[in-house]
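Raw contents of structure_20.txt, compact mmCIF, C-alpha atoms:
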```
# COMPACT_ATOMS: atom_id res chain seq x y z
CA MET S 124 -6.46 -5.51 -33.70
CA GLY S 125 -9.87 -5.79 -32.03
CA LYS S 126 -10.62 -4.58 -28.54
CA ARG S 127 -8.62 -6.55 -26.01
CA HIS S 128 -10.21 -7.82 -22.81
CA ALA S 129 -8.83 -8.06 -19.25
CA GLU S 130 -10.14 -9.93 -16.22
CA ILE S 131 -8.83 -8.53 -12.92
CA ALA S 132 -8.99 -10.32 -9.57
CA GLY S 133 -9.13 -7.85 -6.70
CA ALA S 134 -10.57 -4.34 -6.34
CA GLY S 135 -7.94 -2.75 -4.11
CA PHE S 136 -5.50 0.02 -5.02
CA ALA S 137 -3.64 -2.18 -7.52
CA GLY S 138 -6.62 -3.79 -9.21
CA LEU S 139 -8.65 -0.59 -9.60
CA THR S 140 -5.66 1.43 -10.84
CA ALA S 141 -4.95 -1.26 -13.45
CA ALA S 142 -8.63 -1.26 -14.43
CA CYS S 143 -8.67 2.51 -14.93
CA ALA S 144 -5.41 2.57 -16.89
CA LEU S 145 -6.33 -0.34 -19.16
CA ALA S 146 -9.85 0.93 -19.89
CA GLN S 147 -8.50 4.38 -20.67
CA ARG S 148 -6.24 2.71 -23.26
CA GLY S 149 -9.07 0.95 -25.06
CA TRP S 150 -9.39 -2.36 -23.20
CA SER S 151 -12.64 -3.85 -22.02
CA VAL S 152 -12.17 -4.66 -18.35
CA ARG S 153 -13.99 -6.66 -15.70
CA VAL S 154 -12.94 -6.56 -12.04
CA HIS S 155 -13.83 -9.30 -9.57
CA GLU S 156 -14.06 -8.39 -5.88
CA ARG S 157 -14.64 -11.20 -3.40
CA GLY S 158 -16.35 -8.89 -0.88
CA GLU S 159 -19.99 -7.88 -1.04
CA GLU S 160 -18.94 -4.26 -1.56
CA LEU S 161 -15.80 -2.27 -2.29
CA ARG S 162 -14.29 -1.85 1.13
CA THR S 163 -10.70 -1.65 2.26
CA ALA S 164 -9.01 -2.60 5.51
CA GLY S 165 -6.28 -0.43 6.96
CA ALA S 166 -8.20 2.78 7.77
CA GLY S 167 -5.70 5.46 6.72
CA ILE S 168 -2.72 5.67 4.42
CA TYR S 169 0.08 8.05 3.48
CA ILE S 170 0.37 8.63 -0.26
CA TYR S 171 3.54 10.30 -1.45
CA GLU S 172 4.49 12.08 -4.66
CA ASN S 173 4.86 8.90 -6.71
CA GLY S 174 1.38 7.65 -5.78
CA LEU S 175 -0.18 11.09 -6.20
CA ARG S 176 1.22 11.26 -9.74
CA VAL S 177 -0.50 7.97 -10.55
CA LEU S 178 -3.81 9.25 -9.18
CA GLU S 179 -3.42 12.35 -11.34
CA ALA S 180 -2.60 10.24 -14.41
CA VAL S 181 -5.77 8.17 -14.15
CA GLY S 182 -8.00 11.10 -13.13
CA ALA S 183 -8.71 10.13 -9.51
CA TYR S 184 -6.55 12.70 -7.71
CA ASP S 185 -9.09 15.40 -6.81
CA ALA S 186 -11.66 12.98 -5.40
CA ALA S 187 -9.04 10.92 -3.57
CA ILE S 188 -7.49 13.82 -1.65
CA LYS S 189 -10.72 15.73 -1.00
CA GLY S 190 -10.76 16.64 2.69
CA ALA S 191 -7.32 15.14 3.33
CA PRO S 192 -4.91 17.29 5.32
CA PHE S 193 -1.85 18.30 3.33
CA ALA S 194 1.05 16.67 5.12
CA HIS S 195 4.15 18.33 3.75
CA THR S 196 6.15 19.30 0.72
CA ARG S 197 9.75 18.17 0.52
CA GLU S 198 12.27 19.71 -1.85
CA VAL S 199 15.39 17.84 -2.96
CA ARG S 200 17.97 19.97 -4.75
CA ASP S 201 20.86 18.79 -6.87
CA GLY S 202 22.62 21.71 -8.53
CA ASP S 203 19.96 23.52 -10.54
CA ASP S 204 17.56 20.58 -10.39
CA ARG S 205 14.73 20.78 -7.89
CA GLN S 206 12.20 18.05 -7.12
CA SER S 207 9.16 18.59 -4.95
CA SER S 208 7.59 15.73 -3.05
CA ARG S 209 4.04 16.01 -1.74
CA ALA S 210 2.42 13.74 0.81
CA PHE S 211 -1.14 13.40 2.05
CA SER S 212 -2.59 11.28 4.83
CA ILE S 213 -5.85 9.96 3.40
CA VAL S 214 -8.71 7.68 4.41
CA ARG S 215 -8.14 4.53 2.34
CA GLN S 216 -11.80 4.17 1.45
CA ASN S 217 -11.75 7.60 -0.19
CA VAL S 218 -9.03 6.42 -2.57
CA ILE S 219 -10.91 3.22 -3.38
CA ASN S 220 -14.09 5.20 -4.05
CA ALA S 221 -12.24 7.67 -6.28
CA LEU S 222 -10.60 4.93 -8.35
CA ALA S 223 -13.87 2.99 -8.63
CA ALA S 224 -15.68 6.09 -9.91
CA VAL S 225 -13.02 6.68 -12.57
CA ALA S 226 -13.16 3.00 -13.57
CA ALA S 227 -16.95 3.12 -13.91
CA ARG S 228 -16.75 6.22 -16.11
CA ALA S 229 -14.24 4.39 -18.32
CA GLY S 230 -16.68 1.51 -18.79
CA VAL S 231 -15.13 -1.00 -16.37
CA GLU S 232 -17.48 -3.69 -15.05
CA ILE S 233 -17.00 -4.28 -11.31
CA VAL S 234 -18.51 -7.51 -9.96
CA THR S 235 -18.74 -7.98 -6.19
CA SER S 236 -19.12 -11.30 -4.32
CA SER S 237 -16.94 -12.78 -7.07
CA ALA S 238 -13.83 -14.57 -5.80
CA ALA S 239 -10.99 -15.71 -8.04
CA ALA S 240 -9.63 -19.21 -7.51
CA ALA S 241 -6.95 -19.83 -10.15
CA ALA S 242 -5.54 -18.78 -13.49
CA THR S 243 -3.69 -20.37 -16.37
CA ALA S 244 -0.87 -18.90 -18.44
CA ASP S 245 -3.01 -18.90 -21.59
CA GLY S 246 -5.33 -16.30 -20.06
CA GLU S 247 -8.11 -18.24 -18.33
CA LEU S 248 -9.46 -17.10 -14.97
CA THR S 249 -11.31 -19.61 -12.82
CA LEU S 250 -13.74 -18.25 -10.23
CA ALA S 251 -14.59 -19.85 -6.92
CA ASP S 252 -18.02 -20.83 -8.27
CA GLY S 253 -16.36 -22.85 -11.06
CA ARG S 254 -16.90 -20.46 -13.96
CA ARG S 255 -14.00 -20.09 -16.38
CA LEU S 256 -13.43 -16.80 -18.18
CA LYS S 257 -11.08 -16.28 -21.11
CA ALA S 258 -9.19 -13.03 -21.56
CA ASP S 259 -6.30 -11.47 -23.41
CA LEU S 260 -4.92 -10.55 -19.98
CA VAL S 261 -5.57 -11.78 -16.45
CA VAL S 262 -4.38 -9.55 -13.59
CA GLY S 263 -3.87 -10.98 -10.12
CA ALA S 264 -4.38 -8.20 -7.59
CA ASP S 265 -5.86 -10.48 -4.95
CA GLY S 266 -3.58 -9.63 -2.03
CA SER S 267 -0.76 -11.28 -0.14
CA ASN S 268 -2.70 -14.57 0.13
CA SER S 269 -3.20 -14.60 -3.65
CA ARG S 270 -4.78 -17.77 -4.98
CA LEU S 271 -3.93 -16.78 -8.55
CA ARG S 272 -0.23 -16.43 -7.75
CA ASP S 273 -0.14 -19.75 -5.95
CA SER S 274 -2.04 -21.55 -8.70
CA LEU S 275 0.74 -20.53 -11.10
CA GLY S 276 3.60 -21.47 -8.76
CA LEU S 277 5.10 -17.97 -8.88
CA LEU S 278 5.94 -17.51 -5.19
CA ALA S 279 9.68 -17.43 -4.51
CA LYS S 280 9.70 -16.16 -0.92
CA ARG S 281 7.23 -15.21 1.78
CA LYS S 282 8.83 -14.00 4.98
CA TYR S 283 6.53 -13.34 7.91
CA LEU S 284 8.01 -10.52 9.98
CA VAL S 285 8.24 -10.29 13.75
CA ASP S 286 5.69 -7.51 14.07
CA GLY S 287 2.22 -6.52 12.98
CA CYS S 288 -0.35 -3.76 13.30
CA THR S 289 -3.94 -3.03 14.26
CA ARG S 290 -5.34 -0.12 12.25
CA LEU S 291 -8.49 1.88 12.90
CA LEU S 292 -10.19 5.23 12.45
CA MET S 293 -11.70 7.41 15.16
CA ASP S 294 -13.73 10.61 15.00
CA LYS S 295 -11.94 13.89 15.58
CA THR S 296 -12.77 15.90 18.66
CA ALA S 297 -13.84 19.53 18.32
CA ALA S 298 -10.29 20.59 19.21
CA GLU S 299 -8.82 18.33 16.53
CA ARG S 300 -11.26 19.62 13.92
CA ALA S 301 -10.14 23.16 14.73
CA VAL S 302 -6.56 22.41 13.66
CA THR S 303 -6.18 23.60 10.07
CA ASP S 304 -2.42 23.71 9.49
CA GLY S 305 -2.07 20.20 8.05
CA ALA S 306 -1.43 16.73 9.38
CA LYS S 307 1.12 15.96 12.07
CA THR S 308 1.94 12.33 12.69
CA ILE S 309 3.01 11.59 16.26
CA GLU S 310 4.75 8.34 17.12
CA TYR S 311 4.85 6.99 20.68
CA TRP S 312 6.94 4.01 21.85
CA SER S 313 6.69 1.85 24.94
CA GLY S 314 8.99 -1.16 24.76
CA THR S 315 8.12 -2.92 21.50
CA ARG S 316 4.65 -1.37 21.34
CA ARG S 317 3.98 1.74 19.32
CA VAL S 318 1.06 4.13 18.78
CA LEU S 319 0.93 6.23 15.61
CA TYR S 320 -1.51 9.13 15.53
CA THR S 321 -2.30 10.73 12.14
CA PRO S 322 -5.12 13.09 11.11
CA CYS S 323 -6.33 11.85 7.70
CA SER S 324 -9.47 13.84 6.85
CA GLU S 325 -11.59 16.70 8.11
CA THR S 326 -13.36 14.30 10.48
CA ASP S 327 -11.05 11.30 11.02
CA ILE S 328 -7.95 10.34 12.96
CA TYR S 329 -5.99 7.29 11.80
CA ILE S 330 -4.56 5.20 14.63
CA ALA S 331 -2.02 2.42 14.09
CA LEU S 332 -1.04 0.18 16.99
CA THR S 333 2.08 -1.87 16.23
CA MET S 334 3.49 -4.67 18.32
CA LEU S 335 5.38 -7.95 18.11
CA ASP S 336 3.31 -10.74 16.63
CA THR S 337 4.01 -12.78 19.77
CA ASP S 338 2.37 -10.08 21.93
CA GLU S 339 -1.02 -11.78 22.03
CA VAL S 340 -2.67 -9.31 24.40
CA ALA S 341 -1.54 -6.24 22.47
CA LYS S 342 -2.74 -7.58 19.12
CA ALA S 343 -6.18 -8.64 20.40
CA VAL S 344 -9.21 -7.20 18.59
CA PRO S 345 -11.31 -5.53 19.94
CA VAL S 346 -8.33 -3.59 21.29
CA ARG S 347 -7.52 -4.26 24.94
CA LYS S 348 -7.60 -0.63 25.97
CA ASP S 349 -6.69 -1.44 29.57
CA GLU S 350 -3.50 -3.12 28.39
CA TRP S 351 -2.52 -0.29 26.06
CA LYS S 352 -3.23 2.33 28.74
CA ARG S 353 -0.84 0.55 31.09
CA ALA S 354 1.85 0.81 28.42
CA PHE S 355 0.93 4.42 27.50
CA PRO S 356 -0.59 6.07 30.60
CA ARG S 357 -0.19 9.56 29.09
CA LEU S 358 -2.44 8.51 26.18
CA GLU S 359 -5.35 7.32 28.33
CA THR S 360 -7.79 9.91 26.96
CA LEU S 361 -6.87 9.04 23.36
CA LEU S 362 -7.00 5.28 23.88
CA ASP S 363 -10.39 5.50 25.59
CA ARG S 364 -11.80 6.76 22.29
CA ILE S 365 -11.08 3.45 20.54
CA GLY S 366 -14.21 1.43 19.87
CA ASP S 367 -14.65 -2.19 18.81
CA GLN S 368 -13.33 -1.59 15.30
CA GLY S 369 -9.91 -2.47 13.97
CA ARG S 370 -8.15 -5.36 12.27
CA TYR S 371 -4.82 -6.93 13.07
CA ASP S 372 -2.42 -7.92 10.27
CA ARG S 373 1.02 -9.43 10.56
CA PHE S 374 3.60 -7.78 8.31
CA ASP S 375 5.18 -9.90 5.58
CA LEU S 376 7.56 -9.63 2.66
CA ILE S 377 6.74 -11.33 -0.64
CA LYS S 378 8.94 -11.88 -3.68
CA LEU S 379 8.06 -13.80 -6.82
CA LYS S 380 10.10 -15.87 -9.25
CA ARG S 381 8.47 -13.78 -11.97
CA TRP S 382 5.76 -11.15 -11.96
CA SER S 383 3.97 -12.85 -14.83
CA ALA S 384 3.25 -16.18 -16.49
CA GLY S 385 2.14 -16.02 -20.11
CA LYS S 386 -0.92 -13.76 -20.17
CA VAL S 387 -1.19 -13.40 -16.38
CA ALA S 388 0.35 -10.47 -14.47
CA MET S 389 0.64 -10.16 -10.69
CA ILE S 390 0.50 -6.74 -9.02
CA GLY S 391 0.22 -5.21 -5.55
CA ASP S 392 0.67 -7.28 -2.41
CA ALA S 393 0.21 -10.47 -4.40
CA ALA S 394 3.52 -9.70 -6.12
CA HIS S 395 5.54 -7.61 -3.68
CA ALA S 396 4.05 -7.17 -0.20
CA LEU S 397 6.34 -5.13 2.04
CA PRO S 398 6.29 -3.76 5.60
CA PRO S 399 4.87 -0.23 5.96
CA ASN S 400 7.99 1.45 7.34
CA ILE S 401 8.26 3.98 4.49
CA GLY S 402 4.58 4.01 3.55
CA GLN S 403 5.01 2.73 0.00
CA GLY S 404 2.84 -0.40 -0.23
CA GLY S 405 0.02 1.48 -1.94
CA GLY S 406 2.38 3.68 -3.93
CA CYS S 407 4.26 0.73 -5.45
CA ALA S 408 1.00 -1.08 -6.18
CA MET S 409 -0.40 1.87 -8.10
CA MET S 410 2.87 2.58 -9.93
CA ASN S 411 3.15 -0.97 -11.20
CA ALA S 412 -0.53 -1.12 -12.13
CA LEU S 413 -0.29 2.02 -14.26
CA SER S 414 2.99 1.00 -15.89
CA LEU S 415 1.49 -2.41 -16.72
CA ALA S 416 -1.10 -0.71 -18.92
CA VAL S 417 1.54 1.52 -20.52
CA TYR S 418 3.74 -1.40 -21.60
CA LEU S 419 0.73 -3.28 -22.93
CA GLN S 420 -0.15 -0.22 -25.01
CA ARG S 421 3.37 -0.15 -26.47
CA GLU S 422 3.59 -3.85 -27.31
CA ASP S 423 0.86 -5.95 -28.96
CA ASP S 424 2.14 -9.29 -27.68
CA VAL S 425 1.00 -9.61 -24.06
CA ALA S 426 3.73 -11.97 -22.84
CA THR S 427 6.47 -9.79 -24.35
CA ALA S 428 4.95 -6.65 -22.84
CA LEU S 429 4.81 -8.27 -19.41
CA GLU S 430 8.46 -9.31 -19.58
CA THR S 431 9.52 -5.76 -20.52
CA TRP S 432 7.30 -4.31 -17.79
CA GLU S 433 8.87 -6.46 -15.10
CA ARG S 434 12.43 -5.88 -16.30
CA ASN S 435 11.99 -2.11 -16.14
CA GLU S 436 9.78 -1.73 -13.06
CA ARG S 437 10.87 -4.46 -10.64
CA PRO S 438 14.20 -2.88 -9.57
CA MET S 439 12.50 0.15 -7.99
CA THR S 440 9.99 -2.05 -6.15
CA GLU S 441 12.71 -4.33 -4.78
CA HIS S 442 14.74 -1.30 -3.66
CA THR S 443 11.64 -0.13 -1.76
CA GLN S 444 11.23 -3.54 -0.14
CA ARG S 445 14.86 -3.60 1.01
CA ILE S 446 14.77 -0.15 2.60
CA SER S 447 11.40 -0.75 4.26
CA TYR S 448 12.60 -4.05 5.72
CA PHE S 449 15.87 -2.51 6.94
CA LEU S 450 14.08 0.32 8.74
CA GLY S 451 11.94 -2.19 10.61
CA LEU S 452 14.88 -4.06 12.14
CA PRO S 453 15.22 -1.78 15.25
CA THR S 454 11.71 -2.78 16.39
CA THR S 455 13.04 -5.62 18.54
CA TRP S 456 16.09 -3.77 19.87
CA PRO S 457 16.30 -2.48 23.47
CA PRO S 458 14.67 0.97 23.74
CA THR S 459 17.89 2.91 24.35
CA LEU S 460 19.66 1.27 21.42
CA ARG S 461 16.59 1.68 19.20
CA THR S 462 16.28 5.40 20.00
CA PHE S 463 19.97 5.92 19.27
CA ALA S 464 19.80 3.94 16.02
CA LEU S 465 16.68 5.68 14.73
CA GLY S 466 18.20 9.08 15.51
CA LEU S 467 21.37 8.11 13.69
CA LEU S 468 19.44 6.78 10.73
CA GLY S 469 17.36 9.96 10.60
CA ARG S 470 20.52 12.06 10.29
CA SER S 471 22.03 9.89 7.57
CA LYS S 472 21.92 11.74 4.23
CA TRP S 473 22.56 8.50 2.37
CA LEU S 474 19.68 6.66 4.03
CA THR S 475 17.39 9.66 3.62
CA ALA S 476 18.12 9.57 -0.10
CA GLN S 477 17.40 5.84 -0.24
CA ARG S 478 14.21 6.23 1.78
CA THR S 479 12.86 9.07 -0.39
CA ARG S 480 13.98 7.60 -3.72
CA THR S 481 10.65 5.86 -4.27
CA ALA S 482 8.59 8.88 -3.21
CA LEU S 483 10.46 11.07 -5.70
CA HIS S 484 10.23 8.53 -8.52
CA ARG S 485 8.26 9.53 -11.61
CA PRO S 486 6.16 6.47 -12.46
CA THR S 487 5.96 5.25 -16.04
CA GLY S 488 2.87 6.74 -17.63
CA THR S 489 2.75 9.95 -15.57
```
As C-alpha cells, please, write out the structure in this file.
Amino acid sequence: MGKRHAEIAGAGFAGLTAACALAQRGWSVRVHERGEELRTAGAGIYIYENGLRVLEAVGAYDAAIKGAPFAHTREVRDGDDRQSSRAFSIVRQNVINALAAVAARAGVEIVTSSAAAAATADGELTLADGRRLKADLVVGADGSNSRLRDSLGLLAKRKYLVDGCTRLLMDKTAAERAVTDGAKTIEYWSGTRRVLYTPCSETDIYIALTMLDTDEVAKAVPVRKDEWKRAFPRLETLLDRIGDQGRYDRFDLIKLKRWSAGKVAMIGDAAHALPPNIGQGGGCAMMNALSLAVYLQREDDVATALETWERNERPMTEHTQRISYFLGLPTTWPPTLRTFALGLLGRSKWLTAQRTRTALHRPTGT
C-alpha cells in the first residue's frame, strides 16, 4: 500500500492530535485552520491523566506542561492495584503550540486562513473558496458548529444548556508569582453566578465567569466589572484586574448518529461537545484523535477502521457526557439546596468513581 493521505479541518486539540498521530504512523497530512494563525479561545484548561498520556504518546507532553503548576496527584486503590492520576492547569495556547510543533516535525502541512465547507463520504473535502481535495481520510475537527458534520447529516442531537462561560487570562501579581506549591482552584458562588480562579502558568491566572445564558449583563464582553463586583464584593481587587479580553460561549451537548460516514471521521466538539463540569472536553478530544490513528493503522480499509474505532471508543465518551451534564444540573437550584447537593455529591464514593473514570482511563495507543 502506498502512503495514505489525510485532510483535516480544524487545528484545535482534536485536529492537531490526529495530525500528529497519523503522520507518526506514515500518513501524509494536511491541516486546514480557518483562522489567520493557530490560536485557541478558552484561556486555560485542566488536563488530567488521560489527556496527559495522549500528549506523552505523541511527544508533546514536555512542551505542553512547561511552566504549568502541578495541580495534584490522585491515587485510586483496589486491592493491590494502584492507579495514579495527574492533573495540570495549563494555558491552552501552550498545548496548541506544543502539538503544532510535533506535527511540523512529523511533516504535517498546516494551512491557515483555510476554512472547510463540506465533505463527502468518498473522501472529498470542499473548502470555502471552492477547491475540492481528495483524500484517503477526511477528519472533521471543526468545532461544535461543524460544517463538515452538517454537510453529511450526522447530527442527532444538539442541546443548548442553560448556562455559559466567559474565559480569560490575567497576569499574576508578585504575590501570586511567589506561590510555588502548585495550583489551587478556588470557586466562588453568588446566586447563579460563579467565579473560578486557577493559576495555570508561572505568569498567568485563568479566570472563568459562569452564569445563566439569560443573564445578559453578566455575560457581556468586555466584562461588566461593576456588575460582577456587586455580586462578589469580596473579590473587588481581583475583578478590577480584568481587562477588555474574554469570550463568552454558551455550553452545549452534541451527539451524532454516527461518528463517521465512509471515509470521513468526526472528532472533538464536532462529534461530542460536552459541558466543562469535569474538565474532559479536551481530554476526550485528544483520546479519540489518537485512537482514530491507531485503528487506521490496524485496519487497511478506512470505513471498517472507523466503525471499529467508534464501537470501541464511543462508550467512554458518552459516559463522560452523561456525568458532566448531571453535575451541571444544580446550577439553577436555590443556593441552599445547591450547596447541600454539591456537598452530598462530593461525598458520594459512587459518583466520585464515575467522575474520575475518564481521568483514570488509559487511552488506546498510550
| said: Using only C-alpha atoms, which protein or nucleic acid residues come within 10 Å of S:Ala224? Drop anything in the same chain fewer than 3 positions from it, and give the result as a ChimeraX atom specification. | reply: /S:139,143,182-183,186,218-221,227-229,231
| task | Would you list the contacts of S:Leu419 as a VMD selection string, taking every protein, DNA or RNA residue within 10 Å and counting all atoms listed in the file, but skipping same-chain residues closer than 3 positions in sequence? | result | chain S and resid 145 148 260 414 to 416 422 to 429 431 to 432
| request: Show which residues sit within 9 Å of stretch 153-157 of chain S, as a ChimeraX atom specification. Count all atoms listed in the file, and ignore same-chain residues fewer than 5 positions away. | output: /S:128-135,138-139,142,231-239,250,265
Counting all atoms listed in the file, which residues of stretch 205-289 of chain S sit at most 9 Å from some atom of stretch 327-336 of chain S, and what is each one's closest atom pair with its distance in Å to one decimal, listed by chain and rising residue number, as a tab-separated table?
```
residue	atom	partner	partner_atom	distance
S:Ser212	CA	S:Tyr329	CA	8.7
S:Ile213	CA	S:Tyr329	CA	8.8
S:Val214	CA	S:Tyr329	CA	7.9
S:Leu284	CA	S:Asp336	CA	8.1
S:Val285	CA	S:Leu335	CA	5.7
S:Asp286	CA	S:Leu335	CA	4.1
S:Gly287	CA	S:Thr333	CA	5.7
S:Cys288	CA	S:Thr333	CA	4.2
S:Thr289	CA	S:Leu332	CA	5.1
```
| Within 9 Å of S:Ala393 using all atoms listed in the file, minus same-chain residues under 4 positions, as a PyMOL selection string | chain S and resi 263-272+377-379+389
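Distance-wise, atom CA of S:Arg381 and atom CA of S:Cys407 end up 16.5 Å apart.
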| Which value, in Å to one decimal, gives the distance between atom CA of S:Arg300 and atom CA of S:Leu362? |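 Atom CA of S:Arg300 sits 18.0 Å away from atom CA of S:Leu362.
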| Near-S:Phe355 list (9 Å; all atoms listed in the file; drop same-chain fewer than 3 positions) as a list in words |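 With the cut-off at 9 Å, the set is Tyr311, Trp312, Ser313, Val318, Glu350, Trp351, Lys352, Leu358, Glu359 and Leu362 of chain S.
Between S:Ala258 and the candidates S:Arg470, S:Lys386, S:Arg437, S:Lys280, the tightest atom-to-atom separation, counting all atoms listed in the file, involves S:Lys386.
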| atom CA of S:Gln216 and atom CA of S:Gly369, how far apart in Å? | 14.3 Å
| request: Measuring atom to atom with all atoms listed in the file, identify which of S:Pro486, S:Gly230, S:Gly167, S:Gly314 is nearest to S:Thr462. | output: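 Once distances to S:Thr462 are computed over all atoms listed in the file, the minimum belongs to S:Gly314.
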